[in-house]
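Student: This is the content of target-v2.txt (compact mmCIF, C-alpha atoms):
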```
# COMPACT_ATOMS: atom_id res chain seq x y z
CA MET A 1 -89.13 -49.93 -120.16
CA PRO A 2 -91.00 -51.64 -117.27
CA TYR A 3 -88.36 -50.22 -114.90
CA PHE A 4 -88.95 -46.74 -116.33
CA TYR A 5 -92.70 -46.95 -115.69
CA MET A 6 -92.07 -48.32 -112.21
CA LEU A 7 -89.78 -45.36 -111.52
CA ILE A 8 -92.47 -42.93 -112.70
CA VAL A 9 -95.02 -44.59 -110.38
CA ILE A 10 -92.62 -44.43 -107.42
CA ILE A 11 -91.86 -40.76 -108.07
CA GLY A 12 -95.60 -40.06 -108.34
CA ILE A 13 -96.31 -41.79 -105.01
CA ILE A 14 -93.48 -39.89 -103.29
CA LEU A 15 -94.79 -36.61 -104.71
CA LEU A 16 -98.34 -37.35 -103.51
CA ILE A 17 -97.07 -38.15 -100.01
CA TYR A 18 -95.07 -34.91 -99.98
CA MET A 19 -98.09 -32.88 -101.15
CA LEU A 20 -100.27 -34.50 -98.48
CA GLN A 21 -97.73 -33.72 -95.76
CA GLU A 22 -97.36 -30.13 -96.97
CA ALA A 23 -101.13 -29.62 -96.86
CA PHE A 24 -101.22 -30.36 -93.13
CA GLN A 25 -98.26 -28.30 -92.00
CA ASN A 26 -98.68 -25.42 -89.54
CA HIS A 27 -97.06 -22.17 -90.59
CA VAL A 28 -97.67 -19.01 -88.60
CA LEU A 29 -96.38 -15.88 -90.32
CA TYR A 30 -95.42 -13.00 -88.03
CA GLN A 31 -96.04 -9.75 -89.89
CA THR A 32 -95.78 -6.15 -88.78
CA PHE A 33 -97.39 -3.28 -90.68
CA THR A 34 -96.69 0.35 -89.88
CA PHE A 35 -98.91 3.27 -90.81
CA SER A 36 -98.60 6.99 -90.16
CA THR A 37 -102.39 7.07 -89.64
CA PHE A 38 -102.41 4.49 -86.86
CA PRO A 39 -103.33 6.21 -83.57
CA LYS A 40 -100.14 7.00 -81.62
CA GLU A 41 -101.92 6.82 -78.29
CA ILE A 42 -102.81 3.17 -78.86
CA GLY A 43 -99.23 2.25 -79.70
CA SER A 44 -99.76 -1.12 -81.37
CA MET A 45 -102.31 -3.86 -81.89
CA THR A 46 -101.67 -7.60 -82.38
CA PHE A 47 -104.21 -10.13 -83.61
CA TYR A 48 -104.54 -13.53 -85.27
CA PHE A 49 -105.79 -13.89 -88.85
CA ILE A 50 -106.92 -17.23 -90.27
CA SER A 51 -108.83 -17.94 -93.47
CA ASP A 52 -109.89 -20.91 -95.59
CA VAL A 53 -109.99 -23.55 -92.88
CA HIS A 54 -112.38 -25.70 -94.94
CA ARG A 55 -112.10 -29.34 -93.78
CA ARG A 56 -109.01 -28.95 -91.58
CA LYS A 57 -108.94 -29.49 -87.85
CA ILE A 58 -107.00 -26.63 -86.28
CA ASP A 59 -103.93 -27.81 -84.42
CA LYS A 60 -104.21 -27.22 -80.66
CA SER A 61 -100.45 -27.03 -80.08
CA MET A 62 -100.15 -24.26 -82.68
CA ILE A 63 -102.80 -22.18 -80.91
CA ASP A 64 -101.39 -22.81 -77.43
CA GLN A 65 -97.85 -21.87 -78.43
CA MET A 66 -99.05 -18.75 -80.19
CA ILE A 67 -101.03 -17.60 -77.15
CA GLN A 68 -98.00 -18.03 -74.92
CA THR A 69 -95.50 -16.29 -77.19
CA SER A 70 -97.47 -13.62 -79.04
CA LYS A 71 -100.56 -12.92 -76.91
CA PRO A 72 -102.85 -11.78 -79.76
CA GLN A 73 -105.79 -9.67 -78.63
CA PHE A 74 -108.47 -11.11 -80.93
CA VAL A 75 -109.12 -13.34 -83.95
CA VAL A 76 -110.21 -12.45 -87.47
CA ILE A 77 -111.68 -15.33 -89.49
CA GLY A 78 -111.45 -14.42 -93.16
CA GLY A 79 -114.15 -16.68 -94.54
CA ASP A 80 -114.48 -20.32 -95.65
CA LEU A 81 -114.44 -21.58 -92.09
CA LEU A 82 -116.08 -24.69 -93.54
CA GLU A 83 -117.46 -26.32 -96.64
CA LYS A 84 -120.17 -28.84 -97.45
CA GLY A 85 -119.79 -32.07 -95.52
CA VAL A 86 -117.63 -30.79 -92.67
CA PRO A 87 -118.88 -32.35 -89.39
CA LEU A 88 -120.39 -29.84 -86.97
CA ALA A 89 -118.17 -31.31 -84.25
CA ARG A 90 -115.10 -30.21 -86.18
CA ILE A 91 -116.42 -26.68 -86.61
CA GLU A 92 -117.15 -26.63 -82.87
CA HIS A 93 -113.62 -27.83 -82.16
CA ASN A 94 -112.08 -25.12 -84.31
CA LEU A 95 -114.18 -22.34 -82.81
CA SER A 96 -113.46 -23.55 -79.29
CA LEU A 97 -109.72 -23.39 -79.93
CA LEU A 98 -109.87 -19.96 -81.54
CA SER A 99 -111.98 -18.65 -78.66
CA LYS A 100 -109.04 -19.31 -76.32
CA ILE A 101 -107.23 -16.44 -78.05
CA GLY A 102 -109.91 -13.81 -77.54
CA PRO A 103 -112.95 -12.27 -79.28
CA MET A 104 -113.63 -13.63 -82.76
CA TYR A 105 -114.74 -11.66 -85.83
CA PHE A 106 -116.00 -13.46 -88.93
CA VAL A 107 -116.67 -12.54 -92.55
CA TRP A 108 -118.47 -14.80 -94.99
CA GLY A 109 -116.71 -16.76 -97.71
CA ASN A 110 -118.33 -18.51 -100.65
CA ASN A 111 -118.09 -21.99 -99.08
CA ASP A 112 -119.63 -20.89 -95.79
CA TYR A 113 -122.97 -20.76 -97.60
CA GLU A 114 -122.81 -24.54 -98.10
CA LEU A 115 -124.01 -24.98 -94.52
CA GLN A 116 -127.50 -23.90 -93.55
CA GLU A 117 -127.12 -20.31 -92.37
CA SER A 118 -129.24 -20.74 -89.26
CA ILE A 119 -127.00 -23.58 -88.08
CA LEU A 120 -123.85 -21.52 -88.55
CA LYS A 121 -125.38 -18.54 -86.78
CA SER A 122 -126.32 -20.81 -83.89
CA LEU A 123 -122.70 -21.96 -83.62
CA PHE A 124 -121.52 -18.36 -83.68
CA LYS A 125 -123.91 -17.43 -80.90
CA ARG A 126 -122.71 -20.33 -78.77
CA HIS A 127 -119.04 -19.37 -79.23
CA ASN A 128 -119.49 -15.59 -79.14
CA VAL A 129 -118.39 -15.00 -82.73
CA TYR A 130 -119.08 -11.47 -83.95
CA MET A 131 -120.28 -11.60 -87.55
CA LEU A 132 -119.29 -8.73 -89.83
CA ARG A 133 -121.63 -8.76 -92.80
CA ASN A 134 -121.37 -5.49 -94.68
CA SER A 135 -120.87 -3.81 -91.32
CA SER A 136 -118.16 -2.48 -89.01
CA THR A 137 -117.19 -2.50 -85.36
CA VAL A 138 -114.87 -0.49 -83.12
CA LEU A 139 -111.79 -2.40 -81.98
CA ASP A 140 -110.17 0.31 -79.89
CA GLY A 141 -109.72 4.06 -79.50
CA THR A 142 -111.63 7.14 -78.52
CA ARG A 143 -114.42 9.01 -80.20
CA ASN A 144 -111.90 11.11 -82.12
CA SER A 145 -109.45 8.33 -82.99
CA ARG A 146 -110.86 4.85 -83.50
CA ILE A 147 -109.61 1.60 -84.99
CA MET A 148 -112.40 0.13 -87.07
CA LEU A 149 -112.78 -3.43 -88.34
CA VAL A 150 -114.93 -3.46 -91.48
CA GLY A 151 -116.26 -6.68 -93.01
CA VAL A 152 -117.93 -7.28 -96.37
CA ASP A 153 -119.87 -10.27 -97.58
CA ASP A 154 -118.37 -12.53 -100.22
CA VAL A 155 -117.60 -10.95 -103.61
CA THR A 156 -118.08 -14.23 -105.47
CA THR A 157 -121.71 -14.42 -104.39
CA GLU A 158 -122.20 -10.73 -105.25
CA LYS A 159 -123.56 -10.09 -101.75
CA GLU A 160 -120.90 -7.57 -100.82
CA ASP A 161 -122.03 -4.01 -100.06
CA LEU A 162 -118.97 -1.90 -99.39
CA GLU A 163 -120.93 1.32 -99.11
CA LYS A 164 -123.15 -0.15 -96.40
CA ALA A 165 -120.15 -1.64 -94.60
CA LEU A 166 -118.53 1.79 -94.36
CA GLU A 167 -121.62 3.63 -93.07
CA GLY A 168 -120.32 3.79 -89.50
CA VAL A 169 -116.81 4.89 -90.47
CA THR A 170 -115.51 8.47 -90.31
CA GLU A 171 -112.50 10.15 -91.92
CA ARG A 172 -110.73 10.20 -88.55
CA ASP A 173 -110.79 6.41 -88.20
CA PHE A 174 -108.04 3.90 -88.94
CA ASN A 175 -109.79 1.25 -91.04
CA ILE A 176 -109.05 -2.45 -91.50
CA LEU A 177 -111.19 -4.15 -94.15
CA VAL A 178 -111.75 -7.91 -94.16
CA SER A 179 -112.95 -9.50 -97.38
CA HIS A 180 -112.72 -13.20 -98.16
CA ASN A 181 -112.04 -12.45 -101.81
CA PRO A 182 -109.12 -10.08 -102.58
CA LYS A 183 -111.00 -8.78 -105.64
CA ILE A 184 -112.61 -6.28 -103.29
CA ILE A 185 -109.50 -4.18 -103.92
CA GLU A 186 -111.01 -3.28 -107.30
CA GLN A 187 -113.88 -1.50 -105.55
CA LEU A 188 -111.76 0.62 -103.23
CA SER A 189 -110.97 4.29 -103.68
CA SER A 190 -108.66 6.60 -101.74
CA VAL A 191 -111.59 8.49 -100.22
CA MET A 192 -112.59 5.33 -98.35
CA GLN A 193 -109.34 5.51 -96.39
CA ILE A 194 -108.83 1.78 -96.02
CA SER A 195 -105.32 1.24 -94.67
CA LEU A 196 -105.22 -2.57 -94.58
CA VAL A 197 -107.21 -5.27 -96.38
CA LEU A 198 -107.15 -8.89 -95.17
CA SER A 199 -108.23 -11.63 -97.57
CA GLY A 200 -107.77 -15.25 -98.62
CA HIS A 201 -109.85 -17.36 -101.03
CA THR A 202 -107.08 -18.16 -103.54
CA HIS A 203 -105.22 -20.71 -101.35
CA GLY A 204 -102.09 -19.27 -102.92
CA GLY A 205 -102.84 -21.45 -105.92
CA GLN A 206 -102.70 -24.54 -103.65
CA ILE A 207 -100.86 -26.68 -106.22
CA HIS A 208 -98.13 -25.25 -108.46
CA ILE A 209 -96.94 -27.50 -111.27
CA PHE A 210 -93.64 -26.27 -112.71
CA GLY A 211 -94.48 -22.89 -111.21
CA PHE A 212 -97.94 -22.71 -112.79
CA SER A 213 -101.24 -22.47 -110.90
CA PRO A 214 -104.62 -20.73 -111.34
CA TYR A 215 -103.60 -18.22 -108.65
CA LYS A 216 -100.36 -16.66 -107.46
CA ARG A 217 -98.96 -17.41 -104.03
CA GLY A 218 -100.28 -15.28 -101.21
CA GLY A 219 -98.41 -12.24 -100.06
CA VAL A 220 -98.55 -8.50 -99.45
CA LYS A 221 -99.24 -5.92 -102.13
CA GLN A 222 -99.38 -2.14 -101.99
CA TYR A 223 -102.12 -0.16 -103.74
CA ASP A 224 -101.68 3.59 -103.25
CA GLN A 225 -102.59 4.11 -99.57
CA THR A 226 -103.89 0.56 -99.06
CA THR A 227 -101.92 -2.55 -98.07
CA LEU A 228 -103.45 -5.84 -99.24
CA LEU A 229 -102.65 -9.15 -97.54
CA ILE A 230 -103.68 -12.31 -99.42
CA SER A 231 -103.28 -15.44 -97.31
CA ASN A 232 -102.53 -18.89 -98.67
CA GLY A 233 -105.12 -20.04 -96.13
CA TYR A 234 -105.01 -22.89 -93.64
CA GLY A 235 -106.96 -25.64 -95.37
CA THR A 236 -107.49 -26.97 -98.87
CA THR A 237 -110.38 -27.45 -101.25
CA ARG A 238 -111.26 -30.52 -103.31
CA LEU A 239 -108.05 -32.44 -102.59
CA PRO A 240 -106.06 -32.32 -99.32
CA LEU A 241 -102.88 -31.58 -101.27
CA ARG A 242 -100.53 -28.62 -101.59
CA LEU A 243 -97.42 -27.96 -103.63
CA GLY A 244 -95.49 -24.72 -103.63
CA ALA A 245 -98.11 -22.89 -101.57
CA LYS A 246 -97.74 -23.86 -97.92
CA PRO A 247 -100.70 -23.39 -95.59
CA GLU A 248 -100.42 -20.31 -93.41
CA THR A 249 -102.05 -18.31 -90.67
CA HIS A 250 -100.91 -14.91 -89.46
CA ILE A 251 -99.95 -13.03 -86.33
CA ILE A 252 -100.37 -9.43 -87.41
CA THR A 253 -99.07 -6.41 -85.53
CA ILE A 254 -100.10 -2.92 -86.58
CA LYS A 255 -98.43 0.21 -85.22
CA ASN A 256 -97.58 3.82 -85.96
CA HIS A 257 -94.32 4.11 -87.90
CA SER A 258 -93.09 7.26 -86.18
```
Once more with this new file: its structure as structure tokens, please.
Tutor:
Amino acid sequence: MPYFYMLIVIIGIILLIYMLQEAFQNHVLYQTFTFSTFPKEIGSMTFYFISDVHRRKIDKSMIDQMIQTSKPQFVVIGGDLLEKGVPLARIEHNLSLLSKIGPMYFVWGNNDYELQESILKSLFKRHNVYMLRNSSTVLDGTRNSRIMLVGVDDVTTEKEDLEKALEGVTERDFNILVSHNPKIIEQLSSVMQISLVLSGHTHGGQIHIFGFSPYKRGGVKQYDQTTLLISNGYGTTRLPLRLGAKPETHIITIKNHS
């Protein structure tokens, strides 16, 4: 029996080491979405999407390689850039790396509120981060055919205001909605004409034991005219461990399917 217990301990240690290693891997998913409503005159648009960084330090080699090979035009940060206790120097490091890619757009996640808001806003100002808080901005296009990036505040905190976020959007626009929490999909209707939703929050379940976890793994889902992307996220919460839900960031290309 002592040998049996020793074997169980050894297996447990090996599993913990594996989970720790998995939590700090770098996976960049290259995803292309095609839409008939995407402006033909623009052709295509490529950008970098990252969510749920939490306590992680973004890997410089990952960013450098991605810039060289994919040349994304801008960055979308899908919330939970940090959590309580993350050193400001690490947040600065992460923003400095992401700024090498191009303009940065940020939406609030529930954990972002664990840092004093004025401090975070000061960091954003220093690194030229554009904050989307129940608001929208034009990414590209002409007056008659625009690509709009729409951001809502965090659903968990009940600060989201989708109606306000869509005030500057017209029926001629191609709309990308960023919401930290994928539950925003429950508030959408076809008249809003949201083609793509980017979200995170769930960490893809983070740890799956015998296939079970509080959340499903991230992925892409289709809801009528809206495509929903749920990212596993880059970092972890509570414990720096993952199992069956590898960390991920995304190089996303959008184009017209004709």
Student: Let me make sure I understand: among A:Ser61, A:Gly79, A:Lys246, A:Ser190, which one has the smallest atom-to-atom distance to A:His208 if we use all atoms listed in the file?
Tutor: A:Lys246
Student: Tell me which of A:Leu88, A:Ile185, A:Ile254, A:Ile58 sits closest to A:Leu228, counting all atoms listed in the file.
Tutor: A:Ile185
Student: Of the candidates A:Lys159, A:Arg238, A:His257, A:Lys216, which shows the shortest atom-to-atom distance to A:Arg55, using only C-alpha atoms?
Tutor: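 Of A:Lys159, A:Arg238, A:His257, A:Lys216, the one nearest A:Arg55 is A:Arg238, counting only C-alpha atoms.
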Student: Do you know which residues are at most 9 Å from A:Gly219 counting only C-alpha atoms, after dropping those on the same chain fewer than 4 positions away, and could you put them as a PyMOL selection string?
Tutor: chain A and resi 204+228-232
Student: When distances are computed from all atoms listed in the file, which of A:Asp64, A:Lys84, A:Lys57, A:Ile91 shows the smallest separation from A:Ser122?
Tutor: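 Looking only at the distances to A:Ser122, the closest residue turns out to be A:Ile91.
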Student: What is the atom CA of A:Ser136 to atom CA of A:Ser179 distance in Å?
Tutor: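 Atom CA of A:Ser179 lies 12.1 Å from atom CA of A:Ser136.
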Student: Neighbours of A:Leu177 within 7 Å (only C-alpha atoms; same-chain residues fewer than 2 positions away dropped), as a list in words?
Tutor: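 Residues near the query, excluding close chain neighbours: Leu149, Val150, Gly151, Asn175, Ser179, Ile194, Leu196, Val197 and Leu198 of chain A.
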